[in-house]
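S.K.: Structure below; questions to follow.
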2 protein chains.
Amino acid sequence: MEKIKRSAYQHAYETIRDKILNGNLTGGEKIVEDRLATELRMSRTPVREAIRKLEEEGLIKSKKVINPTSEELRQTFEVRVLLECHAVRCAALYMDENRKKQLYECVVTASTGSRDEVMAANERFHTLIVHASSNPVLVSMIERMSSVIYLFRREVVYYNRPNLIDEHRMIYKAINEGDADLAEKLMKNHLEADLAFSLHSPGFTKE
Amino acid sequence: MEKIKRSAYQHAYETIRDKILNGNLTGGEKIVEDRLATELRMSRTPVREAIRKLEEEGLIKSKKVINPTSEELRQTFEVRVLLECHAVRCAALYMDENRKKQLYECVVTASTGSRDEVMAANERFHTLIVHASSNPVLVSMIERMSSVIYLFRREVVYYNRPNLIDEHRMIYKAINEGDADLAEKLMKNHLEADLAFSLHSPGFTKE
DNA sequence: ATAATCTGAATTGTATACAAAAGATAAAAG
DNA sequence: CTTTTATCTTTTGTATACAATTCAGATTAT
C-alpha cells in the first residue's frame with residue numbers, strides 16, 4: 001500500500017469537489033477558507049487556489065456552493081447536445097475497429113454488470129464517443145461541464161432510467177454501421193430523454 | 001479623472017493577459033512569479049492566482065506562454081463553429097427588433113467607420129449573435145475561447161480580410177428574414193473563411 | 001568526450017501574519 | 001417599532017517568510 005503524495009492544493013481541490021458532489025457541502029452553503037483549511041490540516045493558501053478552480057468550473061459562485069436550477073441544467077444540456085452530437089458524427093465516420101469493440105463492451109457490461117460496473121460502463125460509453133472527435137478543446141469543454149451535470153443529478157439513480165441501455169445500443173449500432181445522421185439523431189434524443197428524466201427526478205420535484 | 005481601484009489580483013490578471021495578447025510576452029516564454037510581482041509592485045500571491053486563471057483559459061501552460069499551432073487553432077474553431085452556428089439559428093428565430101437594429105448598425109459601422117470602430121463593430125456583431133442564444137453556458141464557453149483565438153490571429157489585420165463585411169451583411173439579412181437554415185450555413189462559411197485566412201496569414205507562414 | 005553525480009541558485013509550494021473589507025450585533029434616534 | 005449607525009467579529013485579500021523542488025553548471029568517473 002504505497003502512499004502517493006499529492007500536492008496540498010490538489011488534495012484540497014479533490015476533497016472539496018467531492019464534498020460538493022456527494023452533498024456533504026450542500027447548495028447555498030457558505031464556503032469558508034479557514035474552516036476548510038483547518039479541517040484539511042493545511043494553510044489557507046492551497047485551499048484558496050482550490051476554491052478558485054472550483055469557481056471556474058462553476059461549482060462555487062461568490063463563496064457559496066451553487067444552487068442549481070432546472071433552467072441551468074437545460075442550458076448546460078443544450079451545449080452538451082451540440083458538442084456530443086458532433087462527436088458522435090465523428091465516431092460514426094472515423095472510429096477504428098478497436099474502439100468500436102470497446103464501445104460494444106460498454107453496452108454489454110451495462111446490461112450484465114454490477115451496480116458500479118454499470119455506472120462506469122455508461123460513463124465510459126460517452127467518454128469514448130467524445131474522444132472520437134479527436135478534439136482536445138471539445139473534450140475539455142465537456143469535462144468542464146461534467147461536474148455540474150453530476151451535481152444536478154446527484155440524487156438520480158441514473159442507471160435505472162428506462163431505455164437507457166437500449167438507446168446506447170442503438171447509438172452503438174449506428175456508429176458501427178457508419179450512419180452519422182442516424183447516430184446524431186439518436187444521440188440527441190438520448191440526451192434529451194436524459195435531461196427530461198433528471199428534471200423529473202425526486203431532487204427536482206420542488207420546481 | 002477618477003481612479004478606480006481594482007484588486008491587485010484583477011490588475012495582475014488583466015496586465016499579464018494583455019502582455020500575452022500584445023506579444024509583450026511571447027510564445028514559449030517562461031512566466032516567473034517573482035519577476036512579475038516586482039514588476040507590478042505587488043506580492044507573489046495575487047500574481048500566482050492570476051497565472052492560474054490564465055492557465056485555465058489556456059493562455060499559459062506549465063508556466064510558459066503557449067505556442068499556438070495551426071492544429072490547435074483548427075480545433076478551437078471547430079468548437080466555435082458548433083456554438084456560433086447554434087447561436088445564429090436562435091438569432092434568426094428569436095431575436096427582437098431592437099437587437100436586430102443593433103446588429104444592422106454593426107454592419108453599417110463596419111463599412112464606414114474608423115479603423116478602431118470597424119474592429120469593435122465586427123466583434124460586437126458576433127457578440128450580439130452569441131447572446132441571442134440566451135444561454136449563459138454557451139456564452140461563457142465562447143468567451144473562454146476568445147483569448148486564444150485573439151492570440152492566434154494577433155498579427156492578422158483582421159478587418160482587412162476581403163468579403164468579411166459582405167458576409168456579415170448577408171448573415172444579418174438571413175437573421176432579419178428569420179431564415180435559420182441560411183443563417184447557419186452562412187455563419188459556417190464565414191467562420192471557415194476566417195480560419196483559412198488566419199492560417200494563411202504572415203504569422204503562420206512557418207507551418 | 002560522454003555520462004553520471006554533486007552542488008548551489010532559482011523558482012515554486014505552503015505557512016503565517018497582518019491589513020482591509022464585509023457582516024453581525026447592539027445601542028440610539030426617529 | 002423601525003431604522004440608523006456605531007462597534008465588534010468574522011472573513012477575505014495581500015504580504016512576507018520559509019521549506020521543498022527543480023534546474024543549470026561544475027566536477028568526477030568511465
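Ordered as shown in the C-alpha cells, chains take letters A, B, and onward, while each chain numbers its residues from 1 and ligands are numbered from 1 in the order shown.
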Counting only C-alpha atoms (C1' of nucleotides), which residues from chain C have an atom at most 9 Å from any atom of chain A, and could you show them as a list of chain:residue names?
M.R.: C:DG13, C:DT14, C:DA15, C:DT16
S.K.: Any idea what's packed within 12 Å of Gly27 in chain A, counting only C-alpha atoms (C1' of nucleotides), ignoring anything in its chain fewer than 4 positions away? Could you give it as a PyMOL selection string?
M.R.: chain A and resi 19-23+31+59-61+63-69+148+151-152+154
S.K.: Could you save the residues just selected, with all heavy atoms, as a short mmCIF file (atom, residue, chain, number, x, y, z; two decimals), in the first residue's frame?
M.R.:
```cif
data_model
loop_
_atom_site.label_atom_id
_atom_site.label_comp_id
_atom_site.auth_asym_id
_atom_site.auth_seq_id
_atom_site.Cartn_x
_atom_site.Cartn_y
_atom_site.Cartn_z
N LYS A 19 -16.79 16.68 -1.80
CA LYS A 19 -17.75 17.06 -0.76
C LYS A 19 -18.99 17.68 -1.40
O LYS A 19 -20.11 17.44 -0.97
CB LYS A 19 -17.13 18.08 0.20
CG LYS A 19 -16.49 17.46 1.44
CD LYS A 19 -15.85 18.56 2.27
CE LYS A 19 -15.11 18.01 3.47
NZ LYS A 19 -15.99 17.44 4.50
N ILE A 20 -18.76 18.50 -2.40
CA ILE A 20 -19.90 19.13 -3.06
C ILE A 20 -20.70 18.09 -3.83
O ILE A 20 -21.93 18.03 -3.72
CB ILE A 20 -19.42 20.26 -4.01
CG1 ILE A 20 -18.77 21.38 -3.20
CG2 ILE A 20 -20.60 20.81 -4.81
CD1 ILE A 20 -18.16 22.48 -4.04
N LEU A 21 -20.00 17.26 -4.58
CA LEU A 21 -20.71 16.29 -5.42
C LEU A 21 -21.47 15.26 -4.58
O LEU A 21 -22.53 14.78 -4.99
CB LEU A 21 -19.72 15.58 -6.35
CG LEU A 21 -19.06 16.48 -7.41
CD1 LEU A 21 -18.16 15.66 -8.31
CD2 LEU A 21 -20.09 17.24 -8.23
N ASN A 22 -20.92 14.93 -3.40
CA ASN A 22 -21.61 13.96 -2.55
C ASN A 22 -22.70 14.59 -1.71
O ASN A 22 -23.42 13.90 -1.01
CB ASN A 22 -20.62 13.32 -1.57
CG ASN A 22 -19.55 12.55 -2.28
OD1 ASN A 22 -19.77 12.07 -3.39
ND2 ASN A 22 -18.40 12.44 -1.66
N GLY A 23 -22.77 15.89 -1.72
CA GLY A 23 -23.78 16.55 -0.92
C GLY A 23 -23.34 16.83 0.51
O GLY A 23 -24.13 17.23 1.35
N ILE A 31 -18.82 28.84 1.77
CA ILE A 31 -17.51 28.20 1.81
C ILE A 31 -16.56 29.12 2.57
O ILE A 31 -16.35 30.25 2.15
CB ILE A 31 -16.96 28.03 0.37
CG1 ILE A 31 -17.86 27.11 -0.43
CG2 ILE A 31 -15.54 27.54 0.39
CD1 ILE A 31 -17.72 25.67 -0.09
N LEU A 59 -18.87 25.21 -9.84
CA LEU A 59 -19.47 24.56 -8.68
C LEU A 59 -19.64 25.53 -7.52
O LEU A 59 -20.47 25.33 -6.64
CB LEU A 59 -18.63 23.37 -8.23
CG LEU A 59 -18.72 22.10 -9.07
CD1 LEU A 59 -17.80 21.02 -8.53
CD2 LEU A 59 -20.16 21.58 -9.09
N ILE A 60 -18.82 26.58 -7.51
CA ILE A 60 -18.89 27.59 -6.46
C ILE A 60 -19.07 28.95 -7.13
O ILE A 60 -18.47 29.23 -8.16
CB ILE A 60 -17.60 27.58 -5.61
CG1 ILE A 60 -17.47 26.26 -4.85
CG2 ILE A 60 -17.58 28.76 -4.65
CD1 ILE A 60 -16.20 26.16 -4.03
N LYS A 61 -19.94 29.73 -6.53
CA LYS A 61 -20.11 31.11 -7.02
C LYS A 61 -20.15 32.04 -5.83
O LYS A 61 -20.95 31.84 -4.92
CB LYS A 61 -21.41 31.24 -7.83
CG LYS A 61 -21.28 30.86 -9.28
CD LYS A 61 -22.25 31.66 -10.17
CE LYS A 61 -22.01 31.33 -11.64
NZ LYS A 61 -22.53 30.00 -12.02
N LYS A 63 -18.30 32.43 -3.18
CA LYS A 63 -18.08 31.75 -1.90
C LYS A 63 -19.25 30.89 -1.44
O LYS A 63 -19.36 30.57 -0.26
CB LYS A 63 -17.77 32.77 -0.79
CG LYS A 63 -16.75 33.81 -1.16
CD LYS A 63 -15.35 33.29 -1.06
CE LYS A 63 -14.44 34.16 -1.92
NZ LYS A 63 -13.12 33.61 -2.07
N LYS A 64 -20.14 30.58 -2.36
CA LYS A 64 -21.24 29.68 -1.98
C LYS A 64 -21.31 28.52 -2.95
O LYS A 64 -21.08 28.67 -4.15
CB LYS A 64 -22.56 30.44 -2.03
CG LYS A 64 -22.65 31.62 -1.09
CD LYS A 64 -24.03 31.64 -0.39
CE LYS A 64 -24.12 32.81 0.56
NZ LYS A 64 -24.03 34.10 -0.15
N VAL A 65 -21.67 27.36 -2.43
CA VAL A 65 -21.95 26.23 -3.31
C VAL A 65 -23.16 26.59 -4.15
O VAL A 65 -24.15 27.12 -3.64
CB VAL A 65 -22.26 24.97 -2.48
CG1 VAL A 65 -22.60 23.81 -3.40
CG2 VAL A 65 -21.08 24.62 -1.60
N ILE A 66 -23.07 26.33 -5.45
CA ILE A 66 -24.17 26.76 -6.32
C ILE A 66 -25.44 25.98 -6.01
O ILE A 66 -25.41 24.85 -5.55
CB ILE A 66 -23.85 26.56 -7.81
CG1 ILE A 66 -23.50 25.10 -8.11
CG2 ILE A 66 -22.79 27.51 -8.26
CD1 ILE A 66 -23.69 24.75 -9.57
N ASN A 67 -26.53 26.64 -6.28
CA ASN A 67 -27.83 26.03 -6.05
C ASN A 67 -28.47 25.88 -7.42
O ASN A 67 -29.08 26.79 -7.94
CB ASN A 67 -28.67 26.94 -5.16
CG ASN A 67 -29.44 26.12 -4.17
OD1 ASN A 67 -29.71 24.95 -4.42
ND2 ASN A 67 -29.80 26.72 -3.06
N PRO A 68 -28.30 24.70 -7.99
CA PRO A 68 -28.69 24.50 -9.37
C PRO A 68 -30.18 24.65 -9.61
O PRO A 68 -30.99 24.16 -8.85
CB PRO A 68 -28.24 23.07 -9.64
CG PRO A 68 -28.15 22.42 -8.31
CD PRO A 68 -27.82 23.49 -7.34
N THR A 69 -30.52 25.33 -10.67
CA THR A 69 -31.92 25.42 -11.06
C THR A 69 -32.12 24.57 -12.31
O THR A 69 -31.17 24.25 -13.02
CB THR A 69 -32.30 26.86 -11.41
OG1 THR A 69 -31.63 27.23 -12.62
CG2 THR A 69 -31.91 27.82 -10.31
N VAL A 148 -20.84 19.85 -13.01
CA VAL A 148 -22.14 20.48 -12.80
C VAL A 148 -23.27 19.50 -13.15
O VAL A 148 -24.24 19.38 -12.41
CB VAL A 148 -22.26 21.77 -13.63
CG1 VAL A 148 -23.66 22.36 -13.50
CG2 VAL A 148 -21.23 22.78 -13.15
N LEU A 151 -23.56 17.07 -10.40
CA LEU A 151 -24.18 17.69 -9.23
C LEU A 151 -25.69 17.76 -9.38
O LEU A 151 -26.44 17.42 -8.47
CB LEU A 151 -23.62 19.10 -9.04
CG LEU A 151 -24.28 19.90 -7.91
CD1 LEU A 151 -24.09 19.22 -6.57
CD2 LEU A 151 -23.71 21.31 -7.86
N PHE A 152 -26.12 18.16 -10.54
CA PHE A 152 -27.55 18.29 -10.78
C PHE A 152 -28.29 16.98 -10.54
O PHE A 152 -29.36 16.96 -9.97
CB PHE A 152 -27.80 18.71 -12.24
CG PHE A 152 -27.76 20.19 -12.44
CD1 PHE A 152 -26.80 20.76 -13.25
CD2 PHE A 152 -28.70 21.00 -11.84
CE1 PHE A 152 -26.77 22.13 -13.46
CE2 PHE A 152 -28.68 22.37 -12.05
CZ PHE A 152 -27.71 22.93 -12.87
N ARG A 154 -27.35 14.37 -8.81
CA ARG A 154 -26.77 13.63 -7.70
C ARG A 154 -27.74 12.57 -7.19
O ARG A 154 -27.37 11.46 -6.89
CB ARG A 154 -26.45 14.63 -6.60
CG ARG A 154 -25.61 14.15 -5.49
CD ARG A 154 -25.28 15.33 -4.61
NE ARG A 154 -26.45 16.17 -4.39
CZ ARG A 154 -26.40 17.46 -4.04
NH1 ARG A 154 -25.24 18.04 -3.90
NH2 ARG A 154 -27.50 18.14 -3.84
#
```
S.K.: Can you list every residue of chain A that has an atom at most 10 Å from chain B, with its nearest atom pair and the distance in Å to one decimal, using only C-alpha atoms, ordered by chain then number, as CSV?
M.R.:
```
residue,atom,partner,partner_atom,distance
A:Thr45,CA,B:Thr45,CA,8.7
A:Arg48,CA,B:Glu49,CA,9.1
A:Glu49,CA,B:Glu49,CA,7.0
A:Arg52,CA,B:Glu49,CA,8.2
A:Lys53,CA,B:Lys53,CA,8.0
A:Glu56,CA,B:Glu56,CA,7.9
A:Glu57,CA,B:Glu56,CA,9.7
A:Gly58,CA,B:Val137,CA,9.9
A:Glu71,CA,B:Asn135,CA,9.7
A:Glu72,CA,B:Val137,CA,8.1
A:Leu73,CA,B:Val137,CA,9.8
A:Arg74,CA,B:Asn135,CA,9.2
A:Gln75,CA,B:Asn135,CA,5.8
A:Thr76,CA,B:Val137,CA,6.1
A:Phe77,CA,B:Val137,CA,9.4
A:Glu78,CA,B:Leu138,CA,8.4
A:Val79,CA,B:Leu138,CA,6.2
A:Arg80,CA,B:Leu138,CA,9.6
A:Leu82,CA,B:Leu82,CA,6.6
A:Leu83,CA,B:Leu82,CA,7.2
A:Cys85,CA,B:Leu82,CA,9.9
A:His86,CA,B:Leu82,CA,8.0
A:Ser133,CA,B:Gln75,CA,9.8
A:Ser134,CA,B:Gln75,CA,8.8
A:Asn135,CA,B:Gln75,CA,5.8
A:Pro136,CA,B:Gln75,CA,7.4
A:Val137,CA,B:Thr76,CA,6.1
A:Leu138,CA,B:Val79,CA,6.2
A:Met141,CA,B:Met141,CA,7.7
A:Arg144,CA,B:Met141,CA,10.0
A:Met145,CA,B:Val137,CA,9.2
```
S.K.: Using only C-alpha atoms (C1' of nucleotides), determine which residues of chain D fall within 12 Å of chain A; present them as a list of chain:residue names.
M.R.: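 Written out as asked, the residues are D:DT10, D:DT11, D:DT12, D:DG13, D:DT14, D:DA20, D:DT21.
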S.K.: If you run DSSP on the backbone here, which positions in range 8-205 of chain B get alpha helix (DSSP H)? Please write them as a PyMOL selection string.
M.R.: chain B and resi 8-22+33-39+44-57+70-94+97-112+115-131+136-152+164-176+180-199
S.K.: Just want the 12 Å neighbourhood of range 95-110 of chain B, counted on only C-alpha atoms (C1' of nucleotides), with same-chain residues fewer than 5 positions away dropped. Output as number ranges by chain.
M.R.: B: 87-90, 115-134, 158-160, 163-180
S.K.: Print the selection's residues with C-alpha atoms to a file, as a PDB file, in the first residue's frame.
M.R.:
```pdb
ATOM      1  CA  ALA B  87     -26.486  30.813 -31.678  1.00  0.00           C
ATOM      2  CA  VAL B  88     -27.153  32.234 -35.108  1.00  0.00           C
ATOM      3  CA  ARG B  89     -30.121  29.893 -35.514  1.00  0.00           C
ATOM      4  CA  CYS B  90     -31.521  31.247 -32.257  1.00  0.00           C
ATOM      5  CA  ARG B 115     -10.093  51.535 -38.003  1.00  0.00           C
ATOM      6  CA  ASP B 116     -10.923  51.014 -34.345  1.00  0.00           C
ATOM      7  CA  GLU B 117     -14.647  51.429 -34.865  1.00  0.00           C
ATOM      8  CA  VAL B 118     -14.573  48.731 -37.518  1.00  0.00           C
ATOM      9  CA  MET B 119     -12.762  46.354 -35.212  1.00  0.00           C
ATOM     10  CA  ALA B 120     -15.218  46.998 -32.409  1.00  0.00           C
ATOM     11  CA  ALA B 121     -18.269  46.707 -34.663  1.00  0.00           C
ATOM     12  CA  ASN B 122     -17.197  43.369 -36.067  1.00  0.00           C
ATOM     13  CA  GLU B 123     -16.572  41.979 -32.649  1.00  0.00           C
ATOM     14  CA  ARG B 124     -19.888  43.281 -31.404  1.00  0.00           C
ATOM     15  CA  PHE B 125     -21.627  41.654 -34.358  1.00  0.00           C
ATOM     16  CA  HIS B 126     -20.569  38.242 -33.121  1.00  0.00           C
ATOM     17  CA  THR B 127     -21.216  39.080 -29.503  1.00  0.00           C
ATOM     18  CA  LEU B 128     -24.779  40.104 -30.260  1.00  0.00           C
ATOM     19  CA  ILE B 129     -25.416  36.839 -32.061  1.00  0.00           C
ATOM     20  CA  VAL B 130     -23.863  34.734 -29.332  1.00  0.00           C
ATOM     21  CA  HIS B 131     -26.020  36.434 -26.732  1.00  0.00           C
ATOM     22  CA  ALA B 132     -29.098  35.757 -28.828  1.00  0.00           C
ATOM     23  CA  SER B 133     -28.772  32.157 -27.684  1.00  0.00           C
ATOM     24  CA  SER B 134     -29.928  33.333 -24.239  1.00  0.00           C
ATOM     25  CA  TYR B 158      -8.376  41.193 -39.290  1.00  0.00           C
ATOM     26  CA  TYR B 159     -10.704  43.802 -40.605  1.00  0.00           C
ATOM     27  CA  ASN B 160      -8.926  43.779 -43.907  1.00  0.00           C
ATOM     28  CA  ASN B 163     -15.538  39.836 -48.078  1.00  0.00           C
ATOM     29  CA  LEU B 164     -15.760  39.939 -44.317  1.00  0.00           C
ATOM     30  CA  ILE B 165     -18.193  42.789 -44.220  1.00  0.00           C
ATOM     31  CA  ASP B 166     -20.284  41.347 -47.012  1.00  0.00           C
ATOM     32  CA  GLU B 167     -20.511  38.079 -45.165  1.00  0.00           C
ATOM     33  CA  HIS B 168     -21.688  39.877 -42.062  1.00  0.00           C
ATOM     34  CA  ARG B 169     -24.250  41.720 -44.126  1.00  0.00           C
ATOM     35  CA  MET B 170     -25.601  38.504 -45.583  1.00  0.00           C
ATOM     36  CA  ILE B 171     -25.792  36.877 -42.173  1.00  0.00           C
ATOM     37  CA  TYR B 172     -27.648  39.887 -40.893  1.00  0.00           C
ATOM     38  CA  LYS B 173     -30.081  39.615 -43.776  1.00  0.00           C
ATOM     39  CA  ALA B 174     -30.761  35.946 -43.108  1.00  0.00           C
ATOM     40  CA  ILE B 175     -31.390  36.671 -39.440  1.00  0.00           C
ATOM     41  CA  ASN B 176     -33.617  39.581 -40.268  1.00  0.00           C
ATOM     42  CA  GLU B 177     -35.702  37.406 -42.555  1.00  0.00           C
ATOM     43  CA  GLY B 178     -35.857  34.642 -39.973  1.00  0.00           C
ATOM     44  CA  ASP B 179     -34.163  32.107 -42.213  1.00  0.00           C
ATOM     45  CA  ALA B 180     -32.374  29.948 -39.670  1.00  0.00           C
TER      46      ALA B 180
END
```
S.K.: Write out as an MDAnalysis selection string the set of residues from range 38-118 of chain A that DSSP, computed on the backbone, places in strand (DSSP E).
M.R.: chainID A and resid 60:61 64:65
S.K.: How would the residues just picked look written out with N, CA, C and O atoms as an mmCIF file, in the first residue's frame?
M.R.:
```
data_model
loop_
_atom_site.group_PDB
_atom_site.id
_atom_site.type_symbol
_atom_site.label_atom_id
_atom_site.label_comp_id
_atom_site.auth_asym_id
_atom_site.auth_seq_id
_atom_site.Cartn_x
_atom_site.Cartn_y
_atom_site.Cartn_z
ATOM 1 N N ILE A 60 -18.823 26.581 -7.512
ATOM 2 C CA ILE A 60 -18.894 27.589 -6.464
ATOM 3 C C ILE A 60 -19.074 28.948 -7.125
ATOM 4 O O ILE A 60 -18.466 29.227 -8.156
ATOM 5 N N LYS A 61 -19.938 29.731 -6.532
ATOM 6 C CA LYS A 61 -20.107 31.106 -7.018
ATOM 7 C C LYS A 61 -20.147 32.037 -5.828
ATOM 8 O O LYS A 61 -20.946 31.842 -4.922
ATOM 9 N N LYS A 64 -20.138 30.583 -2.356
ATOM 10 C CA LYS A 64 -21.237 29.684 -1.976
ATOM 11 C C LYS A 64 -21.314 28.518 -2.952
ATOM 12 O O LYS A 64 -21.075 28.674 -4.152
ATOM 13 N N VAL A 65 -21.670 27.363 -2.428
ATOM 14 C CA VAL A 65 -21.952 26.229 -3.306
ATOM 15 C C VAL A 65 -23.163 26.587 -4.152
ATOM 16 O O VAL A 65 -24.148 27.122 -3.642
#
```
S.K.: Mind checking which residues fall within 12 Å of DA24 in chain D, counting only C-alpha atoms (C1' of nucleotides), ignoring those fewer than 6 positions away in the same chain, and posting them as a list of chain:residue names?
M.R.: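 After dropping sequence-adjacent residues, the list is C:DT7, C:DG8, C:DA9, C:DA10.
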S.K.: For the residues in the current selection, export all heavy atoms as a CSV table (one decimal), in the first residue's frame.
M.R.:
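out.csv written:
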```
chain,number,residue,atom,x,y,z
C,7,DT,P,28.3,17.4,-2.7
C,7,DT,OP1,29.5,17.4,-1.9
C,7,DT,OP2,27.0,16.9,-2.2
C,7,DT,O5',28.0,18.9,-3.2
C,7,DT,C5',29.0,19.6,-4.0
C,7,DT,C4',28.4,20.9,-4.6
C,7,DT,O4',27.5,20.6,-5.6
C,7,DT,C3',27.6,21.7,-3.5
C,7,DT,O3',28.2,22.9,-3.4
C,7,DT,C2',26.2,21.7,-4.1
C,7,DT,C1',26.4,21.5,-5.5
C,7,DT,N1,25.3,20.8,-6.3
C,7,DT,C2,24.8,21.4,-7.5
C,7,DT,O2,25.3,22.4,-7.9
C,7,DT,N3,23.8,20.7,-8.1
C,7,DT,C4,23.2,19.6,-7.6
C,7,DT,O4,22.3,19.1,-8.3
C,7,DT,C5,23.7,19.0,-6.4
C,7,DT,C7,23.1,17.8,-5.8
C,7,DT,C6,24.7,19.7,-5.8
C,8,DG,P,27.8,24.0,-2.3
C,8,DG,OP1,29.0,24.6,-1.7
C,8,DG,OP2,26.9,23.3,-1.4
C,8,DG,O5',27.0,25.1,-3.1
C,8,DG,C5',27.6,25.7,-4.3
C,8,DG,C4',26.6,26.4,-5.1
C,8,DG,O4',25.7,25.4,-5.6
C,8,DG,C3',25.7,27.4,-4.3
C,8,DG,O3',25.7,28.6,-5.0
C,8,DG,C2',24.4,26.7,-4.1
C,8,DG,C1',24.3,25.9,-5.4
C,8,DG,N9,23.5,24.7,-5.4
C,8,DG,C8,23.4,23.7,-4.4
C,8,DG,N7,22.6,22.7,-4.6
C,8,DG,C5,22.1,23.1,-5.9
C,8,DG,C6,21.1,22.4,-6.7
C,8,DG,O6,20.6,21.3,-6.5
C,8,DG,N1,20.9,23.1,-7.9
C,8,DG,C2,21.5,24.2,-8.3
C,8,DG,N2,21.2,24.7,-9.4
C,8,DG,N3,22.4,24.9,-7.5
C,8,DG,C4,22.6,24.2,-6.3
C,9,DA,P,24.9,29.8,-4.5
C,9,DA,OP1,25.9,31.0,-4.5
C,9,DA,OP2,24.3,29.5,-3.2
C,9,DA,O5',23.8,30.1,-5.6
C,9,DA,C5',24.2,30.1,-7.0
C,9,DA,C4',23.0,30.2,-7.8
C,9,DA,O4',22.3,28.9,-7.7
C,9,DA,C3',22.0,31.2,-7.4
C,9,DA,O3',21.5,31.8,-8.6
C,9,DA,C2',21.0,30.5,-6.6
C,9,DA,C1',21.0,29.1,-7.3
C,9,DA,N9,20.6,28.0,-6.5
C,9,DA,C8,21.0,27.8,-5.2
C,9,DA,N7,20.5,26.7,-4.7
C,9,DA,C5,19.7,26.2,-5.7
C,9,DA,C6,18.9,25.0,-5.8
C,9,DA,N6,18.8,24.1,-4.8
C,9,DA,N1,18.2,24.8,-6.9
C,9,DA,C2,18.4,25.7,-7.9
C,9,DA,N3,19.1,26.8,-7.9
C,9,DA,C4,19.7,27.0,-6.8
C,10,DA,P,20.5,33.0,-8.6
C,10,DA,OP1,21.0,34.0,-9.6
C,10,DA,OP2,20.3,33.4,-7.2
C,10,DA,O5',19.2,32.4,-9.1
C,10,DA,C5',19.2,31.6,-10.3
C,10,DA,C4',17.9,31.0,-10.5
C,10,DA,O4',17.7,29.9,-9.5
C,10,DA,C3',16.7,31.9,-10.4
C,10,DA,O3',15.8,31.6,-11.4
C,10,DA,C2',16.1,31.5,-9.0
C,10,DA,C1',16.5,30.0,-8.9
C,10,DA,N9,16.6,29.5,-7.6
C,10,DA,C8,17.3,30.0,-6.5
C,10,DA,N7,17.3,29.3,-5.4
C,10,DA,C5,16.6,28.2,-5.8
C,10,DA,C6,16.2,27.0,-5.0
C,10,DA,N6,16.6,26.8,-3.8
C,10,DA,N1,15.5,26.1,-5.7
C,10,DA,C2,15.1,26.3,-7.0
C,10,DA,N3,15.4,27.4,-7.7
C,10,DA,C4,16.2,28.3,-7.1
```
